[in-house]
Structures are given as C-alpha cells and as structure tokens.
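**Student:** Sharing upload-v9.cif (mmCIF, C-alpha atoms and all ligand atoms) below.
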```cif
data_final
loop_
_atom_site.group_PDB
_atom_site.id
_atom_site.type_symbol
_atom_site.label_atom_id
_atom_site.label_comp_id
_atom_site.auth_asym_id
_atom_site.auth_seq_id
_atom_site.Cartn_x
_atom_site.Cartn_y
_atom_site.Cartn_z
ATOM 1 C CA MET A 1 -24.044 29.380 -33.774
ATOM 2 C CA LYS A 2 -24.309 30.541 -30.192
ATOM 3 C CA VAL A 3 -24.052 26.936 -28.958
ATOM 4 C CA GLN A 4 -20.964 26.346 -31.114
ATOM 5 C CA PHE A 5 -19.334 29.428 -29.700
ATOM 6 C CA GLN A 6 -20.114 28.333 -26.152
ATOM 7 C CA ILE A 7 -18.600 24.885 -26.778
ATOM 8 C CA ALA A 8 -15.489 26.391 -28.357
ATOM 9 C CA HIS A 9 -15.192 28.834 -25.474
ATOM 10 C CA GLN A 10 -15.565 26.030 -22.914
ATOM 11 C CA CYS A 11 -12.946 23.865 -24.682
ATOM 12 C CA CYS A 12 -10.563 26.789 -24.724
ATOM 13 C CA LYS A 13 -11.045 27.335 -20.969
ATOM 14 C CA ILE A 14 -10.413 23.638 -20.299
ATOM 15 C CA HIS A 15 -7.328 23.691 -22.516
ATOM 16 C CA THR A 16 -5.934 26.745 -20.736
ATOM 17 C CA ARG A 17 -6.456 25.148 -17.345
ATOM 18 C CA LYS A 18 -4.823 21.937 -18.543
ATOM 19 C CA VAL A 19 -1.762 23.758 -19.817
ATOM 20 C CA LEU A 20 -1.442 25.690 -16.582
ATOM 21 C CA GLY A 21 -2.087 22.593 -14.495
ATOM 22 C CA LEU A 22 -4.896 24.542 -12.864
ATOM 23 C CA TYR A 23 -7.734 22.074 -12.968
ATOM 24 C CA ASN A 24 -10.205 23.397 -10.460
ATOM 25 C CA ARG A 25 -11.603 21.089 -7.825
ATOM 26 C CA GLU A 26 -14.975 20.725 -9.466
ATOM 27 C CA MET A 27 -13.510 19.769 -12.830
ATOM 28 C CA ALA A 28 -10.893 17.441 -11.432
ATOM 29 C CA ASN A 29 -13.286 15.653 -9.164
ATOM 30 C CA LYS A 30 -16.081 15.016 -11.591
ATOM 31 C CA LYS A 31 -14.100 12.135 -13.008
ATOM 32 C CA GLN A 32 -12.862 10.417 -9.812
ATOM 33 C CA LEU A 33 -13.630 6.691 -9.783
ATOM 34 C CA PHE A 34 -13.453 6.367 -5.981
ATOM 35 C CA LYS A 35 -15.188 8.460 -3.319
ATOM 36 C CA TYR A 36 -12.341 7.965 -0.867
ATOM 37 C CA LEU A 37 -8.619 7.315 -0.923
ATOM 38 C CA LEU A 38 -7.241 5.365 2.048
ATOM 39 C CA VAL A 39 -3.596 6.312 2.361
ATOM 40 C CA LEU A 40 -1.688 3.573 4.169
ATOM 41 C CA ASP A 41 1.971 3.331 5.210
ATOM 42 C CA PHE A 42 3.230 0.542 7.453
ATOM 43 C CA GLU A 43 6.405 0.680 9.524
ATOM 44 C CA ALA A 44 7.963 -2.644 10.410
ATOM 45 C CA THR A 45 10.808 -4.156 12.427
ATOM 46 C CA CYS A 46 14.127 -3.696 10.657
ATOM 47 C CA ASP A 47 17.882 -3.707 11.051
ATOM 48 C CA ASN A 48 20.800 -2.222 9.199
ATOM 49 C CA LYS A 49 22.301 -5.415 7.679
ATOM 50 C CA HIS A 50 19.551 -8.053 7.444
ATOM 51 C CA GLN A 51 15.857 -7.575 8.108
ATOM 52 C CA PRO A 52 14.481 -9.604 11.051
ATOM 53 C CA VAL A 53 12.669 -12.834 10.125
ATOM 54 C CA PRO A 54 9.766 -12.561 10.130
ATOM 55 C CA GLN A 55 9.589 -8.824 9.579
ATOM 56 C CA GLU A 56 6.631 -7.514 11.633
ATOM 57 C CA ILE A 57 4.399 -4.443 11.371
ATOM 58 C CA ILE A 58 4.903 -1.991 14.261
ATOM 59 C CA GLU A 59 2.854 1.005 13.054
ATOM 60 C CA PHE A 60 -0.447 0.801 11.167
ATOM 61 C CA PRO A 61 -1.781 4.204 10.009
ATOM 62 C CA VAL A 62 -4.486 4.955 7.420
ATOM 63 C CA ILE A 63 -5.878 8.372 6.432
ATOM 64 C CA LYS A 64 -9.289 8.607 4.722
ATOM 65 C CA ILE A 65 -9.367 11.343 2.065
ATOM 66 C CA ASN A 66 -12.584 12.516 0.393
ATOM 67 C CA THR A 67 -11.784 12.838 -3.326
ATOM 68 C CA THR A 68 -14.480 15.497 -3.836
ATOM 69 C CA THR A 69 -13.609 17.892 -1.026
ATOM 70 C CA LEU A 70 -9.943 16.806 -0.655
ATOM 71 C CA GLU A 71 -10.503 16.819 3.121
ATOM 72 C CA SER A 72 -8.778 14.253 5.344
ATOM 73 C CA GLU A 73 -11.906 12.997 7.098
ATOM 74 C CA ALA A 74 -10.666 10.287 9.456
ATOM 75 C CA ILE A 75 -7.508 8.619 10.724
ATOM 76 C CA PHE A 76 -6.876 5.083 11.886
ATOM 77 C CA HIS A 77 -3.636 4.829 13.831
ATOM 78 C CA THR A 78 -2.163 2.277 16.139
ATOM 79 C CA TYR A 79 1.267 1.011 17.060
ATOM 80 C CA VAL A 80 1.502 -2.769 17.021
ATOM 81 C CA GLU A 81 3.390 -5.114 19.347
ATOM 82 C CA PRO A 82 5.269 -7.767 17.342
ATOM 83 C CA ASP A 83 4.525 -11.438 18.148
ATOM 84 C CA VAL A 84 7.971 -12.885 17.449
ATOM 85 C CA ASN A 85 10.651 -10.197 17.944
ATOM 86 C CA PRO A 86 9.100 -7.597 20.255
ATOM 87 C CA LYS A 87 12.471 -5.914 20.925
ATOM 88 C CA LEU A 88 13.198 -3.080 18.493
ATOM 89 C CA SER A 89 16.739 -2.693 17.183
ATOM 90 C CA PRO A 90 18.406 0.679 17.836
ATOM 91 C CA PHE A 91 18.542 1.017 14.021
ATOM 92 C CA CYS A 92 14.750 0.649 13.794
ATOM 93 C CA THR A 93 14.143 3.283 16.454
ATOM 94 C CA GLU A 94 16.618 5.602 14.752
ATOM 95 C CA LEU A 95 14.965 5.097 11.329
ATOM 96 C CA THR A 96 11.297 5.303 12.326
ATOM 97 C CA GLY A 97 11.453 7.324 15.546
ATOM 98 C CA ILE A 98 9.376 4.566 17.193
ATOM 99 C CA ARG A 99 10.567 3.847 20.726
ATOM 100 C CA GLN A 100 10.241 0.513 22.540
ATOM 101 C CA SER A 101 7.763 2.056 25.000
ATOM 102 C CA GLN A 102 5.443 2.987 22.108
ATOM 103 C CA ILE A 103 4.946 -0.636 21.045
ATOM 104 C CA ASP A 104 5.093 -2.441 24.411
ATOM 105 C CA GLY A 105 1.580 -3.525 25.413
ATOM 106 C CA GLN A 106 0.039 -2.350 22.125
ATOM 107 C CA PRO A 107 -2.400 -4.585 20.217
ATOM 108 C CA HIS A 108 -0.951 -7.465 18.199
ATOM 109 C CA LEU A 109 -1.515 -7.554 14.442
ATOM 110 C CA THR A 110 -4.210 -10.236 14.698
ATOM 111 C CA GLU A 111 -6.363 -7.958 16.864
ATOM 112 C CA VAL A 112 -5.789 -4.999 14.563
ATOM 113 C CA LEU A 113 -6.726 -6.997 11.453
ATOM 114 C CA ASP A 114 -9.626 -8.926 12.978
ATOM 115 C CA LYS A 115 -11.227 -6.261 15.154
ATOM 116 C CA MET A 116 -9.852 -2.733 15.244
ATOM 117 C CA PHE A 117 -9.362 -1.948 11.564
ATOM 118 C CA PRO A 118 -12.629 -3.551 10.324
ATOM 119 C CA ALA A 119 -14.481 -1.668 13.094
ATOM 120 C CA TRP A 120 -12.967 1.608 11.862
ATOM 121 C CA MET A 121 -13.853 0.766 8.256
ATOM 122 C CA GLU A 122 -17.430 0.053 9.351
ATOM 123 C CA GLN A 123 -17.641 3.188 11.521
ATOM 124 C CA HIS A 124 -16.656 5.359 8.567
ATOM 125 C CA GLY A 125 -19.015 3.699 6.092
ATOM 126 C CA LEU A 126 -16.179 2.142 4.115
ATOM 127 C CA LEU A 127 -17.694 -1.352 4.038
ATOM 128 C CA ASP A 128 -20.756 0.087 2.259
ATOM 129 C CA PRO A 129 -20.410 -0.577 -1.505
ATOM 130 C CA GLU A 130 -21.885 2.902 -2.097
ATOM 131 C CA ASN A 131 -18.749 4.404 -0.587
ATOM 132 C CA SER A 132 -16.086 3.207 -2.983
ATOM 133 C CA SER A 133 -12.528 3.498 -1.707
ATOM 134 C CA LEU A 134 -9.016 2.691 -2.849
ATOM 135 C CA PHE A 135 -5.892 2.150 -0.757
ATOM 136 C CA VAL A 136 -2.974 4.331 -1.802
ATOM 137 C CA THR A 137 0.589 3.392 -0.885
ATOM 138 C CA CYS A 138 4.058 4.617 -1.836
ATOM 139 C CA GLY A 139 5.369 1.600 -3.768
ATOM 140 C CA ASP A 140 3.864 -1.887 -3.623
ATOM 141 C CA TRP A 141 5.744 -3.176 -0.552
ATOM 142 C CA ASP A 142 3.006 -2.532 2.065
ATOM 143 C CA LEU A 143 0.181 -4.571 0.497
ATOM 144 C CA LYS A 144 2.080 -6.817 -1.912
ATOM 145 C CA THR A 145 4.883 -7.943 0.404
ATOM 146 C CA MET A 146 4.634 -6.878 4.048
ATOM 147 C CA LEU A 147 0.990 -7.596 4.910
ATOM 148 C CA PRO A 148 0.709 -10.891 2.944
ATOM 149 C CA SER A 149 3.994 -12.222 4.360
ATOM 150 C CA GLN A 150 3.008 -11.491 7.957
ATOM 151 C CA CYS A 151 -0.503 -12.846 7.356
ATOM 152 C CA SER A 152 0.971 -16.019 5.915
ATOM 153 C CA TYR A 153 3.169 -16.360 9.012
ATOM 154 C CA LEU A 154 0.045 -15.910 11.160
ATOM 155 C CA LYS A 155 -1.853 -18.371 8.934
ATOM 156 C CA LYS A 156 -4.405 -15.687 8.015
ATOM 157 C CA GLN A 157 -5.792 -14.284 4.775
ATOM 158 C CA PRO A 158 -5.659 -10.497 4.354
ATOM 159 C CA ALA A 159 -9.205 -9.077 4.113
ATOM 160 C CA ASP A 160 -10.544 -8.707 0.557
ATOM 161 C CA TYR A 161 -10.245 -4.917 0.666
ATOM 162 C CA PHE A 162 -6.448 -5.217 0.922
ATOM 163 C CA HIS A 163 -6.172 -6.953 -2.456
ATOM 164 C CA LYS A 164 -6.199 -3.864 -4.654
ATOM 165 C CA TRP A 165 -4.461 -0.535 -4.321
ATOM 166 C CA CYS A 166 -2.819 2.368 -6.141
ATOM 167 C CA ASN A 167 0.937 2.782 -6.052
ATOM 168 C CA ILE A 168 1.166 6.569 -5.926
ATOM 169 C CA LYS A 169 4.518 6.510 -7.739
ATOM 170 C CA LYS A 170 2.618 5.345 -10.844
ATOM 171 C CA ALA A 171 0.002 8.075 -10.400
ATOM 172 C CA PHE A 172 2.810 10.626 -10.061
ATOM 173 C CA CYS A 173 4.427 9.246 -13.237
ATOM 174 C CA ASP A 174 1.123 9.604 -15.129
ATOM 175 C CA VAL A 175 1.070 13.303 -14.209
ATOM 176 C CA THR A 176 4.758 14.212 -14.558
ATOM 177 C CA SER A 177 6.043 11.527 -16.981
ATOM 178 C CA LYS A 178 8.787 10.693 -14.478
ATOM 179 C CA TYR A 179 8.874 7.610 -12.231
ATOM 180 C CA PRO A 180 10.063 8.830 -8.802
ATOM 181 C CA ARG A 181 12.479 7.048 -6.471
ATOM 182 C CA GLY A 182 10.424 7.876 -3.410
ATOM 183 C CA MET A 183 8.122 10.153 -1.452
ATOM 184 C CA MET A 184 10.682 12.920 -0.855
ATOM 185 C CA GLU A 185 11.323 13.281 -4.588
ATOM 186 C CA MET A 186 7.582 13.534 -5.316
ATOM 187 C CA LEU A 187 7.176 16.250 -2.669
ATOM 188 C CA THR A 188 10.089 18.229 -4.116
ATOM 189 C CA VAL A 189 8.903 17.991 -7.724
ATOM 190 C CA LEU A 190 5.349 19.017 -6.774
ATOM 191 C CA GLY A 191 6.595 21.859 -4.536
ATOM 192 C CA ILE A 192 4.941 20.477 -1.396
ATOM 193 C CA PRO A 193 6.746 21.031 1.942
ATOM 194 C CA HIS A 194 7.550 17.839 3.869
ATOM 195 C CA THR A 195 5.782 17.641 7.221
ATOM 196 C CA GLY A 196 6.814 15.640 10.277
ATOM 197 C CA ARG A 197 9.420 12.919 10.324
ATOM 198 C CA HIS A 198 10.317 10.733 7.349
ATOM 199 C CA HIS A 199 9.689 7.014 8.160
ATOM 200 C CA SER A 200 7.104 7.788 10.839
ATOM 201 C CA GLY A 201 4.104 5.893 9.438
ATOM 202 C CA ILE A 202 1.503 8.529 10.287
ATOM 203 C CA ASP A 203 3.678 11.394 9.006
ATOM 204 C CA ASP A 204 4.437 9.443 5.819
ATOM 205 C CA CYS A 205 0.657 9.011 5.349
ATOM 206 C CA THR A 206 0.132 12.766 5.736
ATOM 207 C CA ASN A 207 2.803 13.505 3.143
ATOM 208 C CA ILE A 208 1.576 10.809 0.712
ATOM 209 C CA GLY A 209 -1.947 12.206 1.215
ATOM 210 C CA ASN A 210 -0.728 15.707 0.336
ATOM 211 C CA ILE A 211 0.820 14.300 -2.852
ATOM 212 C CA ALA A 212 -2.463 12.522 -3.701
ATOM 213 C CA LYS A 213 -4.458 15.743 -3.194
ATOM 214 C CA GLU A 214 -2.099 17.681 -5.443
ATOM 215 C CA LEU A 215 -2.301 15.015 -8.173
ATOM 216 C CA ILE A 216 -6.120 15.266 -8.041
ATOM 217 C CA ARG A 217 -5.906 19.066 -8.288
ATOM 218 C CA ARG A 218 -3.767 18.567 -11.387
ATOM 219 C CA GLY A 219 -6.518 16.453 -12.923
ATOM 220 C CA HIS A 220 -5.333 12.926 -12.121
ATOM 221 C CA VAL A 221 -8.021 10.271 -11.790
ATOM 222 C CA PHE A 222 -6.937 7.696 -9.204
ATOM 223 C CA LYS A 223 -7.223 4.094 -10.320
ATOM 224 C CA GLN A 224 -5.971 0.813 -8.986
ATOM 225 C CA THR A 225 -2.512 -0.095 -10.228
ATOM 226 C CA TYR A 226 -2.285 -3.545 -8.683
ATOM 227 C CA TYR A 227 -4.569 -6.438 -7.943
ATOM 228 C CA ARG A 228 -3.187 -9.201 -5.736
ATOM 229 C CA HIS A 229 -4.957 -12.497 -6.323
ATOM 230 C CA PRO A 230 -6.031 -14.102 -3.024
HETATM 231 P P1 LIG Q 1 8.974 3.606 4.899
HETATM 232 O O1 LIG Q 1 7.516 3.510 4.666
HETATM 233 O O2 LIG Q 1 9.773 4.093 3.735
HETATM 234 O O3 LIG Q 1 9.170 4.443 6.122
HETATM 235 O O4 LIG Q 1 9.530 2.152 5.226
HETATM 236 C C1 LIG Q 1 8.741 1.096 5.666
HETATM 237 C C2 LIG Q 1 9.624 0.090 6.349
HETATM 238 O O5 LIG Q 1 10.640 -0.363 5.463
HETATM 239 C C3 LIG Q 1 10.369 0.595 7.575
HETATM 240 O O6 LIG Q 1 9.566 0.578 8.757
HETATM 241 C C4 LIG Q 1 11.487 -0.425 7.674
HETATM 242 O O7 LIG Q 1 11.043 -1.652 8.198
HETATM 243 C C5 LIG Q 1 11.819 -0.645 6.204
HETATM 244 N N1 LIG Q 1 12.893 0.276 5.769
HETATM 245 C C6 LIG Q 1 12.750 1.472 5.157
HETATM 246 N N2 LIG Q 1 13.943 2.035 4.906
HETATM 247 C C7 LIG Q 1 14.876 1.185 5.392
HETATM 248 C C8 LIG Q 1 16.301 1.184 5.454
HETATM 249 N N3 LIG Q 1 17.027 2.195 4.969
HETATM 250 N N4 LIG Q 1 16.921 0.137 6.044
HETATM 251 C C9 LIG Q 1 16.219 -0.902 6.547
HETATM 252 N N5 LIG Q 1 14.863 -0.973 6.515
HETATM 253 C C10 LIG Q 1 14.196 0.049 5.955
HETATM 254 MG MG MG Q 2 6.221 3.224 3.225
HETATM 255 MG MG MG Q 3 6.836 4.935 6.192
#
```
Show me the file's structure as structure tokens.
Ligand code: AMP
Ligand code: MG
Ligand code: MG
**Tutor:**
Amino acid sequence: MKVQFQIAHQCCKIHTRKVLGLYNREMANKKQLFKYLLVLDFEATCDNKHQPVPQEIIEFPVIKINTTTLESEAIFHTYVEPDVNPKLSPFCTELTGIRQSQIDGQPHLTEVLDKMFPAWMEQHGLLDPENSSLFVTCGDWDLKTMLPSQCSYLKKQPADYFHKWCNIKKAFCDVTSKYPRGMMEMLTVLGIPHTGRHHSGIDDCTNIGNIAKELIRRGHVFKQTYYRHP
C-alpha cells in the first residue's frame, strides 16, 4: 500500500514537471545517450549572387558540452586560410564579421583535419569509446554538404566521427512540435537571449549550445538524426 502510494506520488511529480517543462537536471540527464555534445558551426567563403567554387571553410569552431552538468567544458577554434580563393569578398566579411587579416597565414583545412582537430579530440578524451559524443549542428549543411565537398576537392575522406550528427532543428521540433527556420527563431521561441554576432562561427556555436542545453533541461534526449555513409 505504502509502495503503491509512493509510486503514484512519484508519477504525479514527474507528470507535473513534464507539464510545466521543468524537468530537473538529474531527471533529464539520466536518459542522455551521449556524454558530450560537440556543437559545430562552420563559416565558409561566400558571395551575394553565386557562392565561390569551391566553397571553402574559413572558421572551424566546436564547443564540447557535458550532457550531465550542462557545462561547456572545452572549445576548439581556429580560422582557416582557404587553398583556392584566399581573398574574402566584402559580402563575406560583412556577413560573418571575419576580416581578411583573420584568415591570412592561418592553418589550411588539411592541417586542421589531419592534426589540430584530432589532437584536440584526443586531448579531451573524445577518441575514447567510453566518452560517447555527438556532433550537433544547425541544419545538415555543415557535415552533409560543406565538409564532404571540400574533402572531396582535397581528395580526402572526412574522419569517421564526422559521419553522424544531430540536426538541432529536429531536436527543437521534437520538443516544440514546430520545425524552425533557423537559430534565431529557436532562441526566440525558447526565450534565450542571442549572444554575440550572428554568422560568427564561434558565436553561433555558443547560441546553438544554449539551445541544446535548454532542450536537455526540457527533457529532450539527444540522438543522431543523420548518418552519412562513407
Ligand atoms: P551560418 O552558419 O548560418 O552562419 O552560415 C554558414 C555559411 O553559409 C556562411 O559562412 C556562408 O558561407 C553561408 N551563408 C549563410 N548565409 C548566407 C547568405 N545570406 N548568403 C550567402 N551565403 C550565406
Ligand atoms: Mg551554420
Ligand atoms: Mg554560422
């Protein structure tokens, strides 16, 4: 009898929290499938009428978020000097805030992919199978289109860890039942202030990370939404 009452009482508490969207951290995080989310948002060369060919990554930021504590534990961030069209269009600088001087002399994508990023992954224990992680992007463009197309141009294969990710727009839709147009709409709906500059890669990562944290607080369990066959 006492046990029954306790179960009923517990269910009622859970139900109340669900209705109020007030899943506490402990409850929300018990179910997470990945220990870490790796929020990634590339910026790339661009122009106002036609995109440059090939389009090339100029900013490569990733934020590591612990899904239990919701802390941002580490940041990988580098600007990248393009191989083919190293001169930024005025449109690109206007859109992203990235100036020519910020990419001149920076590492090329090959060095970032072959050395710098794997070293960071290793340093933060992310190559250890015990420390499961999932990339999170806003849309599928970064890992479905941009990275594979530049890798194909460079005659490289993206590393295995780039083959699966979560499109946060789908996670947002699971929570709110509305598929958003973009990051700004998600921030507005969730009542999260925008920080920094829109289309700065590192600031976009911070904002996407804040959305991810809020979705976890609301009980969302992050899962991969896309697998790109090698
Ligand atoms: P985002 O992550 O939304 O800042 O965009 C990633 C990249 O997509 C940018 O660095 C540009 O290369 C491209 N892009 C985004 N918005 C536009 C736009 N309005 N016109 C041209 N290219 C864009
Ligand atoms: Mg983006
Ligand atoms: Mg961006």
**Student:** Taking all atoms listed in the file into account, list the residues no farther than 7 Å from ligand MG 2 (chain Q), as a PyMOL selection string.
**Tutor:** chain A and resi 41-43+137-138+142+204
**Student:** Determine the residue membership of the PyMOL selection byres (((chain A and resi 47) around 12) and not hetatm) for the file above and supply it as a ChimeraX atom specification.
**Tutor:** /A:44-46,48-53,55-56,85,87-96
**Student:** Listing only residues of segment 107-139 of chain A within 12 Å of segment 222-226 of chain A, what is the closest atom pair and its distance in Å (to one decimal) for each, using only C-alpha atoms, sorted by chain and residue number ascending, as JSON lines?
**Tutor:**
```
{"residue": "A:Ser132", "atom": "CA", "partner": "A:Lys223", "partner_atom": "CA", "distance": 11.5}
{"residue": "A:Ser133", "atom": "CA", "partner": "A:Lys223", "partner_atom": "CA", "distance": 10.1}
{"residue": "A:Leu134", "atom": "CA", "partner": "A:Gln224", "partner_atom": "CA", "distance": 7.1}
{"residue": "A:Phe135", "atom": "CA", "partner": "A:Gln224", "partner_atom": "CA", "distance": 8.3}
{"residue": "A:Val136", "atom": "CA", "partner": "A:Gln224", "partner_atom": "CA", "distance": 8.5}
{"residue": "A:Thr137", "atom": "CA", "partner": "A:Thr225", "partner_atom": "CA", "distance": 10.4}
{"residue": "A:Cys138", "atom": "CA", "partner": "A:Thr225", "partner_atom": "CA", "distance": 11.7}
{"residue": "A:Gly139", "atom": "CA", "partner": "A:Thr225", "partner_atom": "CA", "distance": 10.3}
```
**Student:** Evaluate the PyMOL selection byres (((chain A and resi 117) around 10) and not hetatm) and record the selected residues as a list in words, following the chain and residue labels used in the document.
**Tutor:**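 Answer for the PyMOL selection byres (((chain A and resi 117) around 10) and not hetatm): Phe60, Pro61, Val62, Phe76, His77, Thr78, Glu111, Val112, Leu113, Asp114, Lys115, Met116, Pro118, Ala119, Trp120, Met121, Glu122 and Gln123 of chain A.
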**Student:** How big is the axis-aligned box around all listed atoms of ligand LIG 1 (chain Q) once 3 Å goes on each side, and where's its centre, in Å to one decimal, as JSON?
**Tutor:**
```
{"center_x": 12.3, "center_y": 1.4, "center_z": 6.2, "size_x": 15.5, "size_y": 12.1, "size_z": 11.0}
```
**Student:** Between A:Gly219, A:Gly201, A:Pro54, A:Gly209, which has the minimum distance to ligand LIG 1 (chain Q) (counting only C-alpha atoms and all ligand atoms)?
**Tutor:** A:Gly201
**Student:** Taking into account only C-alpha atoms and all ligand atoms, which residue in the set A:Thr176, A:Ile57, A:Ile103, A:Pro82 is nearest to ligand LIG 1 (chain Q)?
**Tutor:**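 That would be A:Ile57, the residue with the smallest distance to ligand LIG 1 (chain Q).
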**Student:** Please report the interatomic distance between atom CA of Gln100 of chain A and atom O7 of ligand LIG 1 (chain Q) in Å with one decimal.
**Tutor:**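 Computing the Euclidean distance for atom CA of Gln100 of chain A and atom O7 of ligand LIG 1 (chain Q) yields 14.5 Å.
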**Student:** Once the PyMOL selection byres (((chain A and resi 148) around 12) and not hetatm) has been applied to the shown file, what residues remain in the selection, as a ChimeraX atom specification?
**Tutor:** /A:54-57,113,140-147,149-160,162-163,228-230
**Student:** Let me make sure I understand: among A:His194, A:Lys31, A:Lys178, A:His124, which one has the smallest atom-to-atom distance to Ile211 of chain A if we use only C-alpha atoms?
**Tutor:**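 Among the listed residues, the smallest separation from Ile211 of chain A belongs to A:His194.
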**Student:** From the set A:Val221, A:Met183, A:Ile216, A:Ile58, which residue has the shortest atom-to-atom contact distance to Leu33 of chain A, counting all atoms listed in the file?
**Tutor:**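 Ranking A:Val221, A:Met183, A:Ile216, A:Ile58 by distance to Leu33 of chain A, first place goes to A:Val221.
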**Student:** Measure the distance from atom CA of Arg217 of chain A to atom CA of Ile65 of chain A in Å and round it to one decimal.
**Tutor:**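 Atom CA of Arg217 of chain A sits 13.4 Å away from atom CA of Ile65 of chain A.
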**Student:** In Å, with one decimal, what is the gap from atom C3 of ligand LIG 1 (chain Q) to atom CA of Phe34 of chain A?
**Tutor:**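 According to the coordinates, atom C3 of ligand LIG 1 (chain Q) and atom CA of Phe34 of chain A are separated by 28.0 Å.
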**Student:** Between A:Gly97, A:Ala171, A:Leu215, A:Glu73, single out the one closest to ligand LIG 1 (chain Q), counting only C-alpha atoms and all ligand atoms.
**Tutor:**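 Of A:Gly97, A:Ala171, A:Leu215, A:Glu73, the one nearest ligand LIG 1 (chain Q) is A:Gly97, counting only C-alpha atoms and all ligand atoms.
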